Amino acid sequence: YINIRGKGPLIKELKEASKKASSVYLATDPDREGEAISWHLCSILGIDPEEAKRVIFHEITEKAVREAFSKPRPVNQRLVNAQQVRRVLDRLVGYSLSPLLWHKIRPGLSAGRVQSAALRLIVQRDQEIGSFEPEEYWTLDAYLKGEHGEVKARYFGENGRKKTLSSRKDVDAVLSAIQGEPFVVASVKPRERRRQAPFPFTTSTLQQEASRKLGFSVKKTMSVAQTLYEGVEIGNEGYTGLITYMRTDSVRVAESAVAEARRFVGEVFGSQYVGSGRAARARPLEQGAHEAIRPTSLLRTPADLKRFLRNDQYRLYKLIWERFVASEMAPAVYDTVTADITAGRATFRATGSRMKFPGFTKVYEEGRDHPGETEEERDIIPLAEGEVLSLLKTEPSQHFTEPPPRYTEATLVKALEENGIGRPSTYAPIIATLFEREYIAREQKRLFATELGITVDRLLTENFPSIVDLAFTADMEKKLDAIEEGEGDWVSILREFWEPFKEQVDRAEEELARIKIADEPAGEDCDKCGRPMVVKRGRYGKFIACSGYPECKNTKPVLEKTGVKCPKCEKGDIVVRRTRKGQVFYGCTEYPACDYTTWARPVAGSKCPTCGAFLVEAQGGRRGFRCSNTACSYRSQKVENYEKVARLSR
């Protein structure tokens with residue numbers, strides 16, 4: 001190792017201070033990276049790591065710090081090795097692959113062991129959406145009347161067996177079969193359902209929930225959490241750490257914190273709201289003895305701290321505080337009922353649900369990735385087996401299956417964790433790097449791969465399949481974790497990876513040297529010199545350039561049309577454009593003469609029945625559609641043929 005340029009004065013200052021001190025305590029962060037920093041400090045200061053006084057605390061409070069300093073330990077070499085092998089492995093991959101990208105695509109690009117696997121996830125999802133073929137299906141609802149009122153039941157199948165209605169023909173067959181048949185309640189099954197309280201936050205779940213509920217990016221979440229961990233000045237208390245360490249994959253909670261939470265819940269809500277304390281039991285995968293992310297004291301309520309915190313600090317602290325309180329509360333309890341109603345051989349099913357006891361929902365409701373996932377109460381009238389119901393009407397509805405949704409930052413973090421890619425400390429840097437390299441961009445909250453990202457992914461997939469293979473990356477993470485547990489030699493693991501990887505690099509260098517990535521013809525001639533125009537890829541996506549470059553430097557943007565005419569100038573077309581940060585918006589082709597823009601995607605062929613303007617998606621189409629005319633309040637949940645055609649035009 002060598003010292004970082006410019007850090008000489010700091011190192012000198014540390015050396016002088018250590019010579020004057022009777023003892024040197026190393027209080028770096030309580031994780032692998034922190035342990036490695038302590039090891040490097042030992043090296044610089046001439047301290048034997050075995051004799052070092054390493055102190056560990058997971059919250060910056062007087063009690064925690066005093067306790068840590070009362071029982072220092074040596075530097076943990078296994079943690080140091082675990083960090084070192086990750087560092088070396090990432091350098092071997094990055095330093096080998098990045099120059100290939102510079103030569104074949106453009107300077108300044110990068111590839112990495114974890115970064116490239118994350119990009120593969122996003123590209124794969126885009127490909128799944130692009131190749132998705134919607135399938136038609138129908139639902140058939142029967143509106144029935146019984147002794148105690150009306151009830152809606154949905155067609156389930158025949159003779160109690162589930163059956164899908166794939167076409168209008170299937171619906172008509174059912175309608176014909178039930179014609180004149182009595183609707184009889186065949187069975188009524190009540191049951192009690194318990195919804196368990198969520199565990200307190202890990203790094204991953206905090207990032208996901210802050211994205212869903214607060215709209216924070218992963219990077220912002222970690223930045224704000226860092227300030228809450230390091231401490232905020234709280235009146236007479238002075239600087240106080242408000243949360244425990246925010247880089248953790250553990251849901252374990254200290255017994256003292258569990259006791260405080262259970263006492264708090266009992267005093268504020270009543271003993272019936274106190275949970276079982278399951279958060280105190282850790283799941284198998286956890287990094288050392290880290291706790292979950294929780295407030296350092298529940299007595300510092302969000303309301304009490306609000307005047308001392310910035311708005312973003314307050315909102316994140318409130319989220320963490322409420323989640324931890326909820327984690328120690330009783331389950332929410334629901335009374336549910338399922339009633340099967342027969343009409344001839346056809347079975348219709350009615351369901352109902354009503355909250356019996358709110359439990360943890362008194363304090364906290366989890367955010368949802370997609371609309372329609374929220375817990376919904378549906379009352380159902382009392383029904384008795386054998387009761388005959390009268391048919392009021394039937395209502396068939398056509399639907400089409402939808403492609404998988406694009407990743408958001410929240411769902412990408414969830415996918416990274418589920419696939420075993422990266423660790424708590426890497427989720428935010430991974431996503432930030434993908435944005436910085438312009439491999440991905442964001443449309444509203446949805447992430448998609450840019451042209452550049454697709455090109456990089458294709459080159460890596462074709463030449464280095466193991467680097468972008470999710471199973472390989474996850475398996476490597478397990479091997480690296482094993483080093484931390486003292487299982488396996490870090491040098492052997494590096495060698496096991498490096499030798500086959502180096503062969504791939506050498507082979508790719510030879511093959512790529514012979515390959516020239518051909519330019520795609522643009523189908524038009526240069527209006528300045530007459531030579532053919534070609535499609536090029538730049539940092540902001542595709543553009544058209546003259547094939548005579550550098551003699552002729554004529555360029556034009558590639559315009560992706562939406563199929564909608566500009567409502568302002570009525571001359572141009574509305575096309576997809578991107579900001580300098582890669583965000584998608586929609587503007588007129590007559591710009592700068594016409595400055596019409598909108599953030600919402602126009603729906604081709606649509607027309608507002610109220611004012612005649614075209615419709616746009618409301619939150620990507622998942623919240624329906626609205627009129628593009630801001631003076632018009634028209635909204636609709638669906639547009640004719642939209643599910644089948646427009647959604648796939650992305």
# chains A, B, ... in the order shown; residues from 1 in each chain; ligands from 1
>>> select_by_dssp(residues="region 263-493 of chain A", states="helix (DSSP H, G or I)", output="number ranges by chain")
A: 263-269, 271-273, 278-280, 302-308, 311-327, 359-362, 409-418, 427-436, 451-463, 465-468, 470-484, 490-493
>>> select_by_dssp(residues="region 80-304 of chain A", states="strand (DSSP E)", output="PyMOL selection string")
chain A and resi 136-146+149-158+161-162+183-195+232-233+239-240
>>> atom_distance(atom1="CA of Ile341 (chain A)", atom2="CA of Phe400 (chain A)")
26.2 Å
>>> closest_residue(among="A:Asn3, A:Thr555, A:Gln313, A:Ser397", to="Val232 (chain A)", atoms="only C-alpha atoms")
A:Gln313
>>> atom_distance(atom1="CA of Arg252 (chain A)", atom2="CA of Arg87 (chain A)")
27.5 Å
>>> closest_atom_pairs(of="region 137-254 of chain A", to="region 393-396 of chain A", cutoff="10 Å", atoms="only C-alpha atoms", output="tab-separated table")
residue	atom	partner	partner_atom	distance
A:Trp138	CA	A:Pro396	CA	6.9
A:Thr139	CA	A:Pro396	CA	5.7
A:Leu140	CA	A:Pro396	CA	4.3
A:Asp141	CA	A:Glu395	CA	5.1
A:Ala142	CA	A:Thr394	CA	4.5
A:Tyr143	CA	A:Lys393	CA	5.4
A:Leu144	CA	A:Lys393	CA	7.4
A:Lys145	CA	A:Lys393	CA	10.0
A:Lys152	CA	A:Thr394	CA	9.5
A:Ala153	CA	A:Thr394	CA	9.6
A:Arg154	CA	A:Glu395	CA	9.4
A:Tyr155	CA	A:Pro396	CA	9.7
A:Arg168	CA	A:Pro396	CA	8.6
A:Val171	CA	A:Pro396	CA	7.3
A:Asp172	CA	A:Pro396	CA	9.3
A:Leu175	CA	A:Thr394	CA	8.5
>>> residues_around(residues="Arg86 (chain A)", least_positions_apart="2", cutoff="12 Å", atoms="only C-alpha atoms", output="ChimeraX atom specification")
/A:32-33,36,79-84,88-94,112-114,422-423,426,476-481,483-484,490-491,493-494,497
>>> write_last_selection(atoms="N, CA and C atoms", output="short mmCIF file (atom, residue, chain, number, x, y, z; two decimals), in the first residue's frame")
data_model
loop_
_atom_site.label_atom_id
_atom_site.label_comp_id
_atom_site.auth_asym_id
_atom_site.auth_seq_id
_atom_site.Cartn_x
_atom_site.Cartn_y
_atom_site.Cartn_z
N ARG A 32 -16.42 -4.20 8.08
CA ARG A 32 -15.17 -4.64 7.44
C ARG A 32 -14.30 -3.46 7.04
N GLU A 33 -14.94 -2.45 6.43
CA GLU A 33 -14.18 -1.29 5.98
C GLU A 33 -13.54 -0.57 7.16
N ALA A 36 -10.53 -2.51 8.40
CA ALA A 36 -9.37 -2.34 7.53
C ALA A 36 -8.70 -0.98 7.77
N LEU A 79 -11.60 -9.93 9.53
CA LEU A 79 -12.38 -8.85 8.91
C LEU A 79 -11.52 -8.06 7.94
N VAL A 80 -10.27 -7.83 8.31
CA VAL A 80 -9.34 -7.10 7.43
C VAL A 80 -9.15 -7.86 6.13
N ASN A 81 -8.93 -9.17 6.24
CA ASN A 81 -8.75 -9.99 5.04
C ASN A 81 -10.00 -10.00 4.17
N ALA A 82 -11.18 -10.05 4.83
CA ALA A 82 -12.44 -10.05 4.09
C ALA A 82 -12.61 -8.77 3.29
N GLN A 83 -12.21 -7.64 3.87
CA GLN A 83 -12.28 -6.38 3.14
C GLN A 83 -11.22 -6.31 2.06
N GLN A 84 -10.02 -6.79 2.39
CA GLN A 84 -8.90 -6.69 1.45
C GLN A 84 -9.15 -7.53 0.20
N VAL A 88 -9.20 -6.07 -3.61
CA VAL A 88 -8.29 -6.56 -4.65
C VAL A 88 -9.09 -7.14 -5.82
N LEU A 89 -10.12 -7.92 -5.50
CA LEU A 89 -10.94 -8.54 -6.54
C LEU A 89 -11.60 -7.48 -7.41
N ASP A 90 -12.14 -6.44 -6.78
CA ASP A 90 -12.78 -5.37 -7.53
C ASP A 90 -11.78 -4.63 -8.42
N ARG A 91 -10.54 -4.46 -7.92
CA ARG A 91 -9.51 -3.81 -8.72
C ARG A 91 -9.12 -4.70 -9.91
N LEU A 92 -8.96 -5.99 -9.69
CA LEU A 92 -8.59 -6.90 -10.77
C LEU A 92 -9.62 -6.86 -11.90
N VAL A 93 -10.90 -6.88 -11.51
CA VAL A 93 -11.96 -6.85 -12.52
C VAL A 93 -12.02 -5.49 -13.20
N GLY A 94 -12.09 -4.43 -12.40
CA GLY A 94 -12.23 -3.08 -12.96
C GLY A 94 -11.06 -2.67 -13.83
N GLY A 112 -17.37 -3.49 -13.45
CA GLY A 112 -17.00 -3.95 -12.12
C GLY A 112 -17.70 -5.24 -11.78
N ARG A 113 -17.16 -5.93 -10.80
CA ARG A 113 -17.68 -7.23 -10.38
C ARG A 113 -19.16 -7.16 -9.98
N VAL A 114 -19.54 -6.16 -9.23
CA VAL A 114 -20.91 -6.02 -8.75
C VAL A 114 -21.72 -5.09 -9.65
N GLY A 422 -23.71 -7.94 -4.00
CA GLY A 422 -23.31 -6.82 -3.16
C GLY A 422 -23.69 -7.03 -1.71
N ARG A 423 -23.37 -6.04 -0.90
CA ARG A 423 -23.63 -6.07 0.53
C ARG A 423 -24.15 -4.70 0.95
N THR A 426 -22.63 -1.51 -0.23
CA THR A 426 -22.39 -1.31 -1.67
C THR A 426 -23.63 -0.94 -2.47
N MET A 476 -19.65 -15.97 -5.40
CA MET A 476 -18.41 -15.31 -5.01
C MET A 476 -18.60 -14.55 -3.71
N GLU A 477 -19.76 -13.90 -3.54
CA GLU A 477 -20.04 -13.19 -2.28
C GLU A 477 -20.02 -14.15 -1.09
N LYS A 478 -20.57 -15.35 -1.28
CA LYS A 478 -20.57 -16.34 -0.20
C LYS A 478 -19.14 -16.75 0.17
N LYS A 479 -18.30 -16.92 -0.85
CA LYS A 479 -16.91 -17.29 -0.59
C LYS A 479 -16.18 -16.17 0.16
N LEU A 480 -16.49 -14.94 -0.23
CA LEU A 480 -15.86 -13.80 0.44
C LEU A 480 -16.34 -13.68 1.89
N ASP A 481 -17.63 -13.97 2.12
CA ASP A 481 -18.15 -13.95 3.49
C ASP A 481 -17.49 -15.04 4.34
N ILE A 483 -14.48 -16.02 4.28
CA ILE A 483 -13.17 -15.56 4.76
C ILE A 483 -13.34 -14.84 6.09
N GLU A 484 -14.40 -14.07 6.19
CA GLU A 484 -14.68 -13.34 7.43
C GLU A 484 -14.90 -14.28 8.60
N TRP A 490 -7.76 -16.26 1.68
CA TRP A 490 -8.15 -15.21 0.73
C TRP A 490 -7.28 -15.20 -0.51
N VAL A 491 -6.01 -15.54 -0.39
CA VAL A 491 -5.13 -15.59 -1.57
C VAL A 491 -5.56 -16.71 -2.51
N ILE A 493 -8.57 -17.95 -2.87
CA ILE A 493 -9.83 -17.57 -3.53
C ILE A 493 -9.55 -16.59 -4.67
N LEU A 494 -8.62 -15.66 -4.44
CA LEU A 494 -8.24 -14.73 -5.51
C LEU A 494 -7.66 -15.47 -6.70
N PHE A 497 -10.18 -17.31 -8.79
CA PHE A 497 -10.93 -16.43 -9.69
C PHE A 497 -10.06 -15.90 -10.83
#
>>> atom_distance(atom1="CA of Arg442 (chain A)", atom2="CA of Glu570 (chain A)")
28.9 Å
